[in-house]
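Chemist: Next comes query.pdb, PDB, C-alpha atoms, pLDDT in the B column:
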```pdb
ATOM      1  CA  MET A   1      69.291 -85.047   3.934  1.00 52.00           C
ATOM      2  CA  ARG A   2      72.696 -84.248   5.286  1.00 54.00           C
ATOM      3  CA  ASN A   3      72.430 -80.660   3.933  1.00 60.00           C
ATOM      4  CA  CYS A   4      69.240 -80.116   5.958  1.00 61.00           C
ATOM      5  CA  ILE A   5      70.671 -81.154   9.342  1.00 64.00           C
ATOM      6  CA  ALA A   6      72.891 -78.073   9.892  1.00 57.00           C
ATOM      7  CA  PRO A   7      70.143 -75.481   9.162  1.00 60.00           C
ATOM      8  CA  ALA A   8      67.624 -77.440  11.249  1.00 59.00           C
ATOM      9  CA  LEU A   9      70.068 -77.609  14.155  1.00 57.00           C
ATOM     10  CA  ALA A  10      70.750 -73.858  13.898  1.00 57.00           C
ATOM     11  CA  CYS A  11      66.989 -73.112  13.965  1.00 57.00           C
ATOM     12  CA  LEU A  12      66.529 -75.360  16.997  1.00 52.00           C
ATOM     13  CA  CYS A  13      69.369 -73.606  18.880  1.00 54.00           C
ATOM     14  CA  LEU A  14      67.929 -70.196  17.979  1.00 55.00           C
ATOM     15  CA  ALA A  15      64.459 -71.204  19.203  1.00 58.00           C
ATOM     16  CA  ILE A  16      65.847 -72.496  22.506  1.00 60.00           C
ATOM     17  CA  SER A  17      67.976 -69.377  23.120  1.00 54.00           C
ATOM     18  CA  THR A  18      65.066 -67.056  22.272  1.00 53.00           C
ATOM     19  CA  THR A  19      62.791 -68.877  24.713  1.00 53.00           C
ATOM     20  CA  ALA A  20      65.457 -68.813  27.439  1.00 49.00           C
ATOM     21  CA  ALA A  21      66.070 -65.106  26.892  1.00 49.00           C
ATOM     22  CA  ALA A  22      62.345 -64.350  27.145  1.00 51.00           C
ATOM     23  CA  ASP A  23      62.163 -66.168  30.513  1.00 53.00           C
ATOM     24  CA  ALA A  24      65.310 -64.535  31.955  1.00 53.00           C
ATOM     25  CA  PRO A  25      64.950 -61.254  33.865  1.00 70.00           C
ATOM     26  CA  GLY A  26      66.176 -58.402  31.705  1.00 78.00           C
ATOM     27  CA  PHE A  27      66.251 -54.671  31.427  1.00 77.00           C
ATOM     28  CA  THR A  28      63.160 -52.643  30.822  1.00 85.00           C
ATOM     29  CA  ILE A  29      63.163 -49.614  28.547  1.00 85.00           C
ATOM     30  CA  GLU A  30      62.466 -47.442  31.601  1.00 82.00           C
ATOM     31  CA  GLN A  31      65.550 -48.806  33.389  1.00 80.00           C
ATOM     32  CA  ILE A  32      67.749 -48.167  30.390  1.00 79.00           C
ATOM     33  CA  LEU A  33      66.476 -44.616  29.811  1.00 78.00           C
ATOM     34  CA  SER A  34      66.712 -43.639  33.486  1.00 77.00           C
ATOM     35  CA  ALA A  35      70.206 -45.011  34.180  1.00 81.00           C
ATOM     36  CA  PRO A  36      72.322 -42.332  35.892  1.00 83.00           C
ATOM     37  CA  PHE A  37      75.311 -40.912  34.055  1.00 86.00           C
ATOM     38  CA  ALA A  38      77.942 -38.266  34.725  1.00 90.00           C
ATOM     39  CA  ALA A  39      78.879 -35.311  32.534  1.00 89.00           C
ATOM     40  CA  GLY A  40      80.953 -32.151  32.763  1.00 92.00           C
ATOM     41  CA  ILE A  41      83.612 -33.619  35.036  1.00 94.00           C
ATOM     42  CA  VAL A  42      86.060 -30.988  36.406  1.00 95.00           C
ATOM     43  CA  VAL A  43      89.018 -31.176  38.780  1.00 94.00           C
ATOM     44  CA  ALA A  44      90.011 -28.414  41.219  1.00 93.00           C
ATOM     45  CA  ALA A  45      93.284 -26.696  40.358  1.00 90.00           C
ATOM     46  CA  ASP A  46      94.238 -26.239  44.027  1.00 82.00           C
ATOM     47  CA  GLY A  47      93.271 -29.620  45.438  1.00 79.00           C
ATOM     48  CA  PRO A  48      92.228 -33.190  44.757  1.00 87.00           C
ATOM     49  CA  ASP A  49      88.487 -32.431  44.543  1.00 92.00           C
ATOM     50  CA  VAL A  50      86.395 -33.573  41.567  1.00 95.00           C
ATOM     51  CA  ALA A  51      82.927 -32.342  40.581  1.00 96.00           C
ATOM     52  CA  TRP A  52      80.447 -33.499  37.950  1.00 96.00           C
ATOM     53  CA  VAL A  53      76.831 -33.280  36.869  1.00 96.00           C
ATOM     54  CA  SER A  54      74.813 -36.412  37.569  1.00 94.00           C
ATOM     55  CA  ASN A  55      71.721 -37.057  35.477  1.00 93.00           C
ATOM     56  CA  ALA A  56      69.572 -39.692  37.207  1.00 90.00           C
ATOM     57  CA  ALA A  57      66.179 -40.238  35.567  1.00 87.00           C
ATOM     58  CA  GLY A  58      66.332 -36.688  34.183  1.00 87.00           C
ATOM     59  CA  ARG A  59      67.087 -35.066  37.541  1.00 92.00           C
ATOM     60  CA  ARG A  60      70.340 -33.157  37.083  1.00 93.00           C
ATOM     61  CA  ASN A  61      72.442 -32.320  40.138  1.00 96.00           C
ATOM     62  CA  VAL A  62      75.989 -31.220  40.950  1.00 96.00           C
ATOM     63  CA  TRP A  63      78.056 -33.825  42.821  1.00 95.00           C
ATOM     64  CA  LEU A  64      81.393 -33.480  44.570  1.00 95.00           C
ATOM     65  CA  ALA A  65      84.041 -36.090  45.389  1.00 94.00           C
ATOM     66  CA  ALA A  66      86.380 -34.717  48.042  1.00 89.00           C
ATOM     67  CA  ALA A  67      89.478 -36.333  49.496  1.00 85.00           C
ATOM     68  CA  MET A  68      88.917 -37.550  53.037  1.00 82.00           C
ATOM     69  CA  PRO A  69      91.372 -35.876  55.446  1.00 82.00           C
ATOM     70  CA  GLY A  70      94.369 -38.083  56.162  1.00 83.00           C
ATOM     71  CA  LYS A  71      93.232 -40.810  53.782  1.00 83.00           C
ATOM     72  CA  THR A  72      93.667 -41.693  50.139  1.00 84.00           C
ATOM     73  CA  GLU A  73      89.918 -42.268  49.736  1.00 87.00           C
ATOM     74  CA  PHE A  74      87.276 -39.939  48.394  1.00 90.00           C
ATOM     75  CA  SER A  75      83.738 -39.372  49.608  1.00 91.00           C
ATOM     76  CA  SER A  76      81.086 -38.216  47.171  1.00 92.00           C
ATOM     77  CA  ARG A  77      77.875 -36.325  47.837  1.00 94.00           C
ATOM     78  CA  PRO A  78      75.346 -34.176  45.993  1.00 95.00           C
ATOM     79  CA  LEU A  79      75.703 -30.409  46.411  1.00 96.00           C
ATOM     80  CA  THR A  80      72.358 -29.552  44.816  1.00 96.00           C
ATOM     81  CA  ARG A  81      68.955 -31.135  45.342  1.00 95.00           C
ATOM     82  CA  TYR A  82      66.988 -30.546  42.146  1.00 94.00           C
ATOM     83  CA  SER A  83      64.192 -33.123  42.332  1.00 93.00           C
ATOM     84  CA  ALA A  84      62.286 -32.633  39.068  1.00 90.00           C
ATOM     85  CA  ASP A  85      62.945 -33.932  35.573  1.00 88.00           C
ATOM     86  CA  ASP A  86      62.517 -30.436  34.136  1.00 89.00           C
ATOM     87  CA  GLY A  87      64.962 -30.743  31.236  1.00 87.00           C
ATOM     88  CA  LEU A  88      67.181 -27.922  32.548  1.00 91.00           C
ATOM     89  CA  ASP A  89      70.818 -28.729  31.849  1.00 92.00           C
ATOM     90  CA  ILE A  90      73.605 -27.949  34.281  1.00 95.00           C
ATOM     91  CA  THR A  91      76.821 -26.918  32.542  1.00 95.00           C
ATOM     92  CA  ASP A  92      79.995 -24.867  32.968  1.00 96.00           C
ATOM     93  CA  LEU A  93      81.111 -26.275  36.334  1.00 97.00           C
ATOM     94  CA  ALA A  94      84.016 -24.301  37.793  1.00 97.00           C
ATOM     95  CA  PHE A  95      85.765 -24.420  41.162  1.00 96.00           C
ATOM     96  CA  VAL A  96      86.317 -21.189  43.098  1.00 95.00           C
ATOM     97  CA  PRO A  97      90.032 -21.231  44.036  1.00 93.00           C
ATOM     98  CA  HIS A  98      90.868 -21.149  47.764  1.00 90.00           C
ATOM     99  CA  HIS A  99      87.198 -21.470  48.710  1.00 90.00           C
ATOM    100  CA  GLN A 100      85.062 -24.533  49.093  1.00 91.00           C
ATOM    101  CA  GLN A 101      82.592 -23.457  46.426  1.00 94.00           C
ATOM    102  CA  LEU A 102      81.539 -24.319  42.877  1.00 95.00           C
ATOM    103  CA  LEU A 103      80.067 -22.220  40.097  1.00 97.00           C
ATOM    104  CA  TYR A 104      77.676 -23.580  37.471  1.00 97.00           C
ATOM    105  CA  ALA A 105      75.117 -22.519  34.874  1.00 96.00           C
ATOM    106  CA  ARG A 106      71.607 -23.998  34.885  1.00 95.00           C
ATOM    107  CA  GLY A 107      69.024 -23.835  32.125  1.00 91.00           C
ATOM    108  CA  GLY A 108      69.450 -22.611  28.605  1.00 85.00           C
ATOM    109  CA  ASP A 109      71.121 -24.300  25.684  1.00 84.00           C
ATOM    110  CA  SER A 110      74.813 -25.020  26.217  1.00 81.00           C
ATOM    111  CA  GLU A 111      75.478 -25.026  22.470  1.00 84.00           C
ATOM    112  CA  PHE A 112      73.725 -21.691  21.838  1.00 84.00           C
ATOM    113  CA  PRO A 113      73.785 -19.950  25.237  1.00 80.00           C
ATOM    114  CA  ASP A 114      72.652 -16.506  24.089  1.00 79.00           C
ATOM    115  CA  LYS A 115      69.619 -17.817  22.204  1.00 81.00           C
ATOM    116  CA  PRO A 116      66.201 -18.197  23.870  1.00 81.00           C
ATOM    117  CA  ALA A 117      66.325 -21.003  26.417  1.00 80.00           C
ATOM    118  CA  PRO A 118      64.480 -24.240  25.616  1.00 82.00           C
ATOM    119  CA  ASN A 119      61.645 -25.105  28.000  1.00 80.00           C
ATOM    120  CA  PRO A 120      61.009 -28.855  27.553  1.00 81.00           C
ATOM    121  CA  ALA A 121      58.913 -29.130  30.737  1.00 80.00           C
ATOM    122  CA  GLU A 122      56.810 -26.120  29.652  1.00 82.00           C
ATOM    123  CA  LEU A 123      57.424 -24.328  32.947  1.00 82.00           C
ATOM    124  CA  THR A 124      54.952 -21.449  33.226  1.00 81.00           C
ATOM    125  CA  ALA A 125      57.545 -19.130  34.803  1.00 81.00           C
ATOM    126  CA  GLY A 126      59.723 -19.579  31.731  1.00 79.00           C
ATOM    127  CA  VAL A 127      63.376 -20.541  31.605  1.00 85.00           C
ATOM    128  CA  GLU A 128      66.521 -18.468  31.604  1.00 90.00           C
ATOM    129  CA  GLN A 129      70.127 -19.596  31.757  1.00 92.00           C
ATOM    130  CA  GLU A 130      71.442 -18.552  35.167  1.00 94.00           C
ATOM    131  CA  VAL A 131      74.762 -18.703  37.031  1.00 95.00           C
ATOM    132  CA  PHE A 132      74.794 -20.180  40.556  1.00 96.00           C
ATOM    133  CA  LEU A 133      77.284 -20.583  43.384  1.00 95.00           C
ATOM    134  CA  VAL A 134      77.065 -23.509  45.825  1.00 95.00           C
ATOM    135  CA  GLY A 135      79.249 -24.375  48.805  1.00 94.00           C
ATOM    136  CA  PHE A 136      80.819 -27.770  49.411  1.00 92.00           C
ATOM    137  CA  GLN A 137      78.552 -28.151  52.446  1.00 89.00           C
ATOM    138  CA  GLY A 138      75.522 -28.020  50.144  1.00 79.00           C
ATOM    139  CA  GLY A 139      72.605 -25.805  51.045  1.00 86.00           C
ATOM    140  CA  ALA A 140      70.601 -23.624  48.708  1.00 93.00           C
ATOM    141  CA  PRO A 141      72.585 -22.435  45.675  1.00 95.00           C
ATOM    142  CA  LEU A 142      73.042 -18.662  45.397  1.00 94.00           C
ATOM    143  CA  LYS A 143      71.854 -17.202  42.089  1.00 93.00           C
ATOM    144  CA  LEU A 144      74.433 -14.710  40.815  1.00 93.00           C
ATOM    145  CA  GLY A 145      72.544 -13.645  37.698  1.00 92.00           C
ATOM    146  CA  ALA A 146      71.460 -14.552  34.192  1.00 93.00           C
ATOM    147  CA  GLY A 147      74.341 -15.866  32.130  1.00 94.00           C
ATOM    148  CA  HIS A 148      76.752 -18.697  31.397  1.00 94.00           C
ATOM    149  CA  ALA A 149      80.464 -19.608  31.363  1.00 95.00           C
ATOM    150  CA  PRO A 150      81.298 -18.556  34.942  1.00 96.00           C
ATOM    151  CA  VAL A 151      84.940 -18.306  35.958  1.00 96.00           C
ATOM    152  CA  ALA A 152      86.504 -17.248  39.249  1.00 94.00           C
ATOM    153  CA  SER A 153      89.605 -15.095  39.608  1.00 93.00           C
ATOM    154  CA  PRO A 154      92.784 -16.862  40.785  1.00 92.00           C
ATOM    155  CA  SER A 155      92.277 -15.447  44.289  1.00 90.00           C
ATOM    156  CA  GLY A 156      88.614 -16.493  44.283  1.00 90.00           C
ATOM    157  CA  ASP A 157      87.347 -13.022  45.255  1.00 89.00           C
ATOM    158  CA  ARG A 158      85.744 -12.201  41.897  1.00 92.00           C
ATOM    159  CA  VAL A 159      83.461 -14.075  39.494  1.00 94.00           C
ATOM    160  CA  LEU A 160      83.008 -13.243  35.821  1.00 94.00           C
ATOM    161  CA  TYR A 161      80.357 -14.649  33.489  1.00 95.00           C
ATOM    162  CA  LEU A 162      78.808 -13.915  30.105  1.00 94.00           C
ATOM    163  CA  HIS A 163      75.281 -12.854  29.176  1.00 91.00           C
ATOM    164  CA  HIS A 164      74.268 -11.870  25.625  1.00 89.00           C
ATOM    165  CA  GLY A 165      77.846 -11.001  24.695  1.00 88.00           C
ATOM    166  CA  ASP A 166      78.507  -8.825  27.763  1.00 91.00           C
ATOM    167  CA  VAL A 167      80.773  -9.680  30.687  1.00 92.00           C
ATOM    168  CA  PHE A 168      79.282  -9.407  34.169  1.00 91.00           C
ATOM    169  CA  THR A 169      81.107  -9.559  37.482  1.00 90.00           C
ATOM    170  CA  HIS A 170      80.460 -10.159  41.167  1.00 84.00           C
ATOM    171  CA  GLN A 171      83.229  -8.926  43.413  1.00 79.00           C
ATOM    172  CA  GLY A 172      83.987  -9.218  47.103  1.00 65.00           C
ATOM    173  CA  ARG A 173      83.696 -12.015  49.600  1.00 54.00           C
ATOM    174  CA  PRO A 174      81.633 -13.738  50.653  1.00 51.00           C
ATOM    175  CA  PHE A 175      79.302 -14.151  47.705  1.00 53.00           C
ATOM    176  CA  ASN A 176      76.813 -15.844  50.003  1.00 45.00           C
ATOM    177  CA  GLY A 177      76.208 -12.692  52.053  1.00 48.00           C
ATOM    178  CA  PRO A 178      73.536 -10.150  51.173  1.00 46.00           C
ATOM    179  CA  GLN A 179      72.390 -10.453  47.566  1.00 51.00           C
ATOM    180  CA  SER A 180      74.520  -8.105  45.496  1.00 55.00           C
ATOM    181  CA  SER A 181      73.814  -6.947  41.987  1.00 55.00           C
ATOM    182  CA  PRO A 182      76.167  -7.999  39.238  1.00 63.00           C
ATOM    183  CA  GLY A 183      78.199  -5.261  37.631  1.00 66.00           C
ATOM    184  CA  ARG A 184      78.637  -5.042  33.877  1.00 61.00           C
ATOM    185  CA  CYS A 185      82.227  -4.789  32.778  1.00 62.00           C
ATOM    186  CA  ARG A 186      82.963  -2.116  30.209  1.00 53.00           C
ATOM    187  CA  ALA A 187      83.613  -3.617  26.807  1.00 51.00           C
ATOM    188  CA  ASP A 188      84.411  -1.526  23.738  1.00 49.00           C
ATOM    189  CA  ARG A 189      83.842  -3.926  20.891  1.00 53.00           C
ATOM    190  CA  GLY A 190      86.163  -3.776  17.954  1.00 50.00           C
ATOM    191  CA  THR A 191      88.681  -1.393  19.465  1.00 49.00           C
ATOM    192  CA  GLY A 192      91.243  -4.063  20.303  1.00 47.00           C
ATOM    193  CA  GLU A 193      91.494  -2.819  23.895  1.00 46.00           C
TER     194      GLU A 193
END
```
Please lay out the structure from this file as structure tokens.

Modeler:
Amino acid sequence: MRNCIAPALACLCLAISTTAAADAPGFTIEQILSAPFAAGIVVAADGPDVAWVSNAAGRRNVWLAAAMPGKTEFSSRPLTRYSADDGLDITDLAFVPHHQQLLYARGGDSEFPDKPAPNPAELTAGVEQEVFLVGFQGGAPLKLGAGHAPVASPSGDRVLYLHHGDVFTHQGRPFNGPQSSPGRCRADRGTGE
């Protein structure tokens, strides 16, 4: 009889805790799957600014945390306003030195950037990985061209990015003026130059 008391007591405690857990408010699967998270966090080389990609319920946007003038606090805000869960990743965040701007790539596959871009939302216009520039004040991002891995020159007056193994460039300031065409940099493969 004594050997049966411990297992019976354990079963009773388990039954009570299971019933209490079922009555307590908990998380739904939808809440768990749509919880926002940050990725691709980068820090500006010439200042205390921090940028990241926020994924909230599948809506990916670029956020910026900037130091408040004269204070040790930061204020954060979204720089882009993508409102659809279209499955298009935002990657390759990069600050433009000496300018209040960020570069990023949207769409495509970050692991295989020169392969055909996945289209999980089955967008009829298709999907291409593209490089964008957005100012710290927000506004509509400026599309620089198809590509990935954008990087700005140390002076911030030139942007380079890759597309299918070629290097493309945008030169001159401001980038947010009239739409300019990207120039392809000359690349002699295999010559070591």

Chemist: Evaluated on this file, the PyMOL selection byres ((chain A and resi 133-142) around 6) picks out some residues - which ones are they, written as number ranges by chain?

Modeler: A: 79, 100-103, 132, 143

Chemist: Can you work out which one of A:Pro25, A:Gly40, A:Gly147, A:Pro97 has the shortest atom-to-atom distance to A:Lys115, counting all atoms listed in the file?

Modeler: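 Using all atoms listed in the file, the shortest distance to A:Lys115 belongs to A:Gly147.
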
Chemist: Let me know the residues the PyMOL selection byres ((chain A and resi 104) around 12) catches in the file above, as a ChimeraX atom specification.

Modeler: /A:40-42,51-53,61-63,79-80,89-96,101-103,105-107,110,129-135,141-152,159-161

Chemist: Just to confirm, what's the straight-line distance from atom CA of A:Ser54 to atom CA of A:Arg81 in Å (one decimal)?

Modeler: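 Computing it gives 11.1 Å between the two atoms.
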
Chemist: Could you check the closest approach to A:Ala56 for each of A:Pro116, A:Pro78, A:Pro36, A:Gly70 and tell me which residue wins, using only C-alpha atoms?

Modeler: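 Among A:Pro116, A:Pro78, A:Pro36, A:Gly70, it is A:Pro36 that comes nearest to A:Ala56.
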
Chemist: Enclose the full set of atoms of stretch 68-75 of chain A listed in the file within a box whose edges lie along x, y and z, apply 5 Å of padding to each of the six sides, and report centre and edge lengths in Å to one decimal as AutoDock Vina command-line options.

Modeler:
```
--center_x 89.1 --center_y -39.1 --center_z 52.3 --size_x 20.6 --size_y 16.4 --size_z 17.8
```

Chemist: Hey, what comes out of the PyMOL selection byres ((chain A and resi 46) around 10) on this file? Could you write it as a PyMOL selection string?

Modeler: chain A and resi 43-45+47-49+95-99

Chemist: Write to file, as an mmCIF file, in the frame of the given file, the residues of the selection just made, with C-alpha atoms.

Modeler:
```cif
data_model
loop_
_atom_site.group_PDB
_atom_site.id
_atom_site.type_symbol
_atom_site.label_atom_id
_atom_site.label_comp_id
_atom_site.auth_asym_id
_atom_site.auth_seq_id
_atom_site.Cartn_x
_atom_site.Cartn_y
_atom_site.Cartn_z
ATOM 1 C CA VAL A 43 89.018 -31.176 38.780
ATOM 2 C CA ALA A 44 90.011 -28.414 41.219
ATOM 3 C CA ALA A 45 93.284 -26.696 40.358
ATOM 4 C CA GLY A 47 93.271 -29.620 45.438
ATOM 5 C CA PRO A 48 92.228 -33.190 44.757
ATOM 6 C CA ASP A 49 88.487 -32.431 44.543
ATOM 7 C CA PHE A 95 85.765 -24.420 41.162
ATOM 8 C CA VAL A 96 86.317 -21.189 43.098
ATOM 9 C CA PRO A 97 90.032 -21.231 44.036
ATOM 10 C CA HIS A 98 90.868 -21.149 47.764
ATOM 11 C CA HIS A 99 87.198 -21.470 48.710
#
```

Chemist: Could you check how far atom CA of A:Ile32 sits from atom CA of A:Leu64, in Å to one decimal?

Modeler: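 Interatomic distance here is 24.6 Å.
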
Chemist: Given all atoms listed in the file as the basis, pick out the residue of A:Ser153, A:Ser75, A:Asn55, A:Gln171 nearest to A:Phe37.

Modeler: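 Under the stated criterion, the closest residue is A:Asn55.
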
Chemist: Extract, using all atoms listed in the file, all DNA, RNA and protein residues at most 10 Å from A:Ala84, discarding same-chain residues fewer than 2 positions from it, and format them as a list in words.

Modeler: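 Neighbouring residues, sequence-local ones excluded: Ala57, Gly58, Arg59, Arg60, Arg81, Tyr82, Asp86, Gly87, Leu88 and Ala121 of chain A.
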
Chemist: Have a look at atom CA of A:Ala65 and atom CA of A:Arg77 and let me know their distance in Å, one decimal.

Modeler: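 Straight-line distance from atom CA of A:Ala65 to atom CA of A:Arg77 works out to 6.6 Å.
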